[in-house]
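Enquirer: A single structure is presented below for examination.
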Amino acid sequence: MFTVSCIAAFLFLAARAPGLITIVAALPAVIVAFGYGAYKQQQLDAKRRRGELRAAHEAAFERWKTDVLTHEAAERLRVDEALRWFPVHLASRPRRVDVYGGTADGWAALLVTLGGSLLANGKGLWLLDLSHQAVGRELAALADAQRVPVARVELPSASVPPDLSWGLSADELAEVLAEALSTLRPEGTDVDLRATDASILHSVLERLDGPVTFGRITSGLEVLLRVHEPDRAPEPLAASELDRLTAAIDVVGQSERIQNELRFVYDVTRLLARAEPSPVTLPAPDQWLLPGQLTVLSTHDVTERRKDVIDRVVFFLVLHQLRRGRIPADAGTLVIAGAEHLGRSALESMARQARVAGVRLMLLMTHVREDIRSLLGGQDSATVLMRLGNAEEAKAAAEFVGQGHKFVMNQLTRQVGESHSTGRSHSYGGGDSEMGGWSTSWQNSMDSSTTDSVTRGETVSRVYKFTVEPTQIQSLPPTGLILIETSPQSRRVMFGDCNPAITLLPHVADAPRLPEQG
């Protein structure tokens, strides 16, 4: 009905206004055209926005690439210019440095690196080379090249100083020689033997007028042994000296113990007296350590036993001069190379007296022998480990460095469980009533259950391992080293290299590396 009314109204309007039909007929085309234009405009706007966004993205990407390339170039420059080697600074300022292991080349490199630094700073350095490997030759050549004063005292063929006294009295020299002879015996030997040796030597020394040499001491001992032949004596004695020594025969004693010790002292001094005389004279003790001077004393001999005795005599003469205060305090550093054969007690005495005298001491020892392991980490000392080929010694060194710990998962567990349960019940009942009725009931029931369980677990334990493995110590390069230093704040373990050629490389710092802030 409504539709019919609308059509009638349209026909009435069309009859009155014929142009209206044309307008109405064109209206859809106008609407479609307007909508299509708006759609095309939206498409163009969207395309323009996409273009703008793409251009912005490409510009941002180019800026990012430029920033990345700039950063990488800056990093390469930083890495290329970064310092790669830093000098090692002993923060605890120890009075003693113990070096264990190493080869002759490694020791020579260490001495050149250390000695060059000390001498360049005006410090004195005295090397007592008992290693029989001439480890101070390169250091002396460097000092010569830098016009640093060098005093060389080489004792080839076991030559000994022409005068052993060094200004010591007969009592002092007798004690020094007796102390040196006592180290030829195993530790724990009767300590009275040292006193006996000192008494015998004193009886000879106080009756000699001329310079003290091993030949003259041996001639004096021959008199006490009643075997002296003037024509065949190592060195001649004056008539007055012979008279005094002959009179002392009964004073010394004729007991078997005295005669045995007299023979022992005589055999040792005769061994030393057989060495060819040498014109080399040791400088006075107050000239050993002078600021800015290098002194090198080395011992050599084709007879190993004679060199061993000379090493001990020279060592204890030096030790006694430290006791007397003949070496100025803080004058420099005393380096003793190849000293482990002297024994623990001798090295401890040297370390103690050097500390009292104010002289810095460095001990170079080829091995970590059982008798000197107690020196590791001694009072007011730092330790340097170089290559140790022996497995047991490398293990002992690794144990000294210490162990670190980490947590390691060592067990995984998985438990699976399953349980079943089944139940059944049956009931029956019946009854009647007074009204004549009756009833019967029964019931059967069954139930079952199944339970599954899974339990997982892991066990973590603390594991201790060497901070430095023994194999690492065994495979160190000749100039490689491990520094172990203990200070009141912490304990430091540091790898380093003492090759002096490193100083000629680029990117070498002239100051120690600052500690990392934790």
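By order in the structure tokens, chains are A, B, ...; within a chain, residues start at 1; ligands start at 1, following the order shown.
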Excluding region 304-314 of chain A and its own-chain neighbours fewer than 2 positions away, which residues fall within 10 Å of it when counting only C-alpha atoms? Please give them as a PyMOL selection string.

Expert: chain A and resi 128-132+155-161+164+176-184+268-275+297-302+316-320+338-339+341-342+346

Enquirer: Run DSSP on the backbone and grab whatever in region 159-324 of chain A lands in alpha helix (DSSP H); send it over as a ChimeraX atom specification.

Expert: /A:170-182,192-205,214-225,239-247,249-252,256-273,304-324

Enquirer: For Glu370 (chain A), list every protein, DNA or RNA residue within 12 Å, evaluated using only C-alpha atoms, and leave out those in the same chain fewer than 4 positions away; present the list as a tab-separated table (two decimals) with all heavy atoms, in the first residue's frame.

Expert:
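Final output, around-v2.tsv:
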chain	number	residue	atom	x	y	z
A	340	GLU	N	119.97	-23.19	44.83
A	340	GLU	CA	119.17	-24.19	45.55
A	340	GLU	C	120.02	-25.30	46.15
A	340	GLU	O	119.63	-25.95	47.12
A	340	GLU	CB	118.11	-24.80	44.64
A	340	GLU	CG	118.65	-25.63	43.49
A	340	GLU	CD	118.89	-24.79	42.26
A	340	GLU	OE1	118.91	-23.55	42.35
A	340	GLU	OE2	119.07	-25.38	41.18
A	341	HIS	N	121.23	-25.54	45.59
A	341	HIS	CA	122.07	-26.62	46.12
A	341	HIS	C	122.69	-26.26	47.47
A	341	HIS	O	123.27	-27.13	48.14
A	341	HIS	CB	123.18	-26.97	45.13
A	341	HIS	CG	124.17	-25.86	44.91
A	341	HIS	ND1	123.86	-24.71	44.21
A	341	HIS	CD2	125.47	-25.72	45.31
A	341	HIS	CE1	124.92	-23.92	44.17
A	341	HIS	NE2	125.91	-24.51	44.83
A	343	GLY	N	121.02	-25.38	50.12
A	343	GLY	CA	120.17	-25.87	51.20
A	343	GLY	C	119.25	-24.80	51.75
A	343	GLY	O	119.48	-23.59	51.64
A	344	ARG	N	118.18	-25.28	52.39
A	344	ARG	CA	117.15	-24.38	52.91
A	344	ARG	C	117.67	-23.47	54.01
A	344	ARG	O	117.40	-22.26	54.01
A	344	ARG	CB	115.97	-25.21	53.44
A	344	ARG	CG	114.87	-24.36	54.10
A	344	ARG	CD	113.77	-25.26	54.64
A	344	ARG	NE	114.31	-26.24	55.57
A	344	ARG	CZ	114.56	-26.01	56.85
A	344	ARG	NH1	114.32	-24.80	57.36
A	344	ARG	NH2	115.04	-26.95	57.63
A	374	SER	N	109.56	-25.22	51.52
A	374	SER	CA	109.05	-24.38	52.62
A	374	SER	C	109.36	-22.90	52.40
A	374	SER	O	108.79	-22.04	53.08
A	374	SER	CB	109.65	-24.84	53.95
A	374	SER	OG	111.07	-24.78	53.92
A	375	LEU	N	110.26	-22.58	51.46
A	375	LEU	CA	110.54	-21.18	51.16
A	375	LEU	C	109.44	-20.53	50.33
A	375	LEU	O	109.36	-19.30	50.26
A	375	LEU	CB	111.87	-21.07	50.40
A	375	LEU	CG	113.14	-21.47	51.16
A	375	LEU	CD1	114.33	-21.40	50.21
A	375	LEU	CD2	113.37	-20.58	52.35
A	376	LEU	N	108.60	-21.34	49.68
A	376	LEU	CA	107.52	-20.80	48.86
A	376	LEU	C	106.61	-19.91	49.70
A	376	LEU	O	106.08	-20.34	50.72
A	376	LEU	CB	106.71	-21.94	48.23
A	376	LEU	CG	107.31	-22.63	47.00
A	376	LEU	CD1	106.57	-23.93	46.72
A	376	LEU	CD2	107.26	-21.72	45.81
A	392	GLU	N	106.26	-33.58	39.21
A	392	GLU	CA	106.05	-33.42	40.64
A	392	GLU	C	106.30	-31.98	41.08
A	392	GLU	O	105.58	-31.42	41.90
A	392	GLU	CB	106.95	-34.38	41.42
A	392	GLU	CG	106.56	-35.84	41.29
A	392	GLU	CD	105.16	-36.11	41.84
A	392	GLU	OE1	104.80	-35.48	42.86
A	392	GLU	OE2	104.44	-36.92	41.25
A	393	GLU	N	107.34	-31.38	40.54
A	393	GLU	CA	107.62	-29.99	40.89
A	393	GLU	C	106.54	-29.06	40.35
A	393	GLU	O	106.15	-28.09	41.02
A	393	GLU	CB	109.00	-29.58	40.34
A	393	GLU	CG	110.15	-30.34	41.00
A	393	GLU	CD	111.50	-29.91	40.44
A	393	GLU	OE1	111.53	-29.02	39.56
A	393	GLU	OE2	112.52	-30.46	40.88
A	396	ALA	N	103.62	-29.36	42.70
A	396	ALA	CA	103.86	-28.62	43.94
A	396	ALA	C	103.70	-27.12	43.72
A	396	ALA	O	103.13	-26.41	44.57
A	396	ALA	CB	105.26	-28.93	44.48
A	397	ALA	N	104.17	-26.62	42.58
A	397	ALA	CA	104.01	-25.19	42.28
A	397	ALA	C	102.54	-24.84	42.08
A	397	ALA	O	102.08	-23.78	42.54
A	397	ALA	CB	104.81	-24.83	41.03

Enquirer: Contacts of Arg137 (chain A) at 10 Å or less, counting only C-alpha atoms, minus same-chain residues fewer than 2 places along, as a list in words?

Expert: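 Near neighbours after the sequence-gap exclusion: Ala108, Leu111, Val112, Gln133, Ala134, Val135, Leu139, Ala140, Ala141, Leu142, Ala143, Arg152 and Val296 of chain A.
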
Enquirer: Pick the closest to Trp442 (chain A) from A:Ser92, A:Thr455, A:Thr103, A:Ser427: which is it, counting only C-alpha atoms?

Expert: A:Ser427

Enquirer: For the strand (DSSP E or B) assignment from backbone DSSP, which residues of region 167-394 of chain A qualify? Please present them as a list in words.

Expert: Leu294, Thr295, Val296, Leu297, Ser298, Thr299, Gly332, Thr333, Leu334, Val335, Ile336, Ala337, Arg360, Leu361, Met362, Leu363, Leu364, Met365, Ser381, Ala382, Thr383, Val384 and Leu385 of chain A

Enquirer: In terms of the shortest atom-to-atom distance over only C-alpha atoms, which of A:Arg263, A:Lys40, A:Arg424, A:Arg95 is closest to Val356 (chain A)?

Expert: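 Under the stated criterion, the closest residue is A:Arg95.
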
Enquirer: Quick check, in Å to one decimal: how far apart do CA of Thr113 (chain A) and CA of Gln489 (chain A) lie?

Expert: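 Taking CA of Thr113 (chain A) as the start and CA of Gln489 (chain A) as the end point, the length is 27.6 Å.
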
Enquirer: Taking only C-alpha atoms into account, name the residue in A:Thr479, A:Thr333, A:Gln42, A:Asn410 that is nearest to Pro500 (chain A).

Expert: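 Counting only C-alpha atoms, the residue closest to Pro500 (chain A) is A:Thr479.
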
Enquirer: Could you name the residues that touch Ala174 (chain A) at 10 Å or less, counting only C-alpha atoms, but leaving out those on the same chain fewer than 6 positions away, as a PyMOL selection string?

Expert: chain A and resi 165+168+180+195+197-206

Enquirer: With C-alpha atoms kept, could you save the residues just selected as a short mmCIF file (atom, residue, chain, number, x, y, z; two decimals), in the first residue's frame?

Expert:
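Contents of again_26.cif, freshly written:
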data_model
loop_
_atom_site.label_atom_id
_atom_site.label_comp_id
_atom_site.auth_asym_id
_atom_site.auth_seq_id
_atom_site.Cartn_x
_atom_site.Cartn_y
_atom_site.Cartn_z
CA SER A 165 140.07 -12.33 54.64
CA LEU A 168 137.80 -10.31 58.71
CA ALA A 180 130.32 -23.20 54.56
CA ALA A 195 132.24 -25.90 66.22
CA ASP A 197 135.82 -27.18 62.31
CA ALA A 198 135.77 -23.55 63.44
CA SER A 199 138.22 -24.33 66.26
CA ILE A 200 140.62 -26.11 63.87
CA LEU A 201 140.50 -23.31 61.30
CA HIS A 202 140.95 -20.67 63.97
CA SER A 203 144.04 -22.48 65.26
CA VAL A 204 145.57 -22.17 61.79
CA LEU A 205 144.37 -18.69 60.83
CA GLU A 206 145.54 -16.94 63.98
#

Enquirer: Can you list, as a VMD selection string, every protein, DNA or RNA residue that comes within 7 Å of Val454 (chain A) when you count only C-alpha atoms, leaving out same-chain residues fewer than 2 positions away?

Expert: chain A and resid 415 to 417 456

Enquirer: Return the single residue from A:Thr413, A:Phe86, A:Glu72, A:Leu119 that is closest to Ile502 (chain A), with distances computed using only C-alpha atoms.

Expert: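 Ranking A:Thr413, A:Phe86, A:Glu72, A:Leu119 by distance to Ile502 (chain A), first place goes to A:Phe86.
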
Enquirer: Can you tell me how far CA of Lys395 (chain A) sits from CA of Arg491 (chain A), in Å to one decimal?

Expert: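 Rounded to one decimal, the two atoms are 19.5 Å apart.
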
Enquirer: Measure the distance from CA of Ser345 (chain A) to CA of Ser381 (chain A) in Å and round it to one decimal.

Expert: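 CA of Ser381 (chain A) lies 16.6 Å from CA of Ser345 (chain A).
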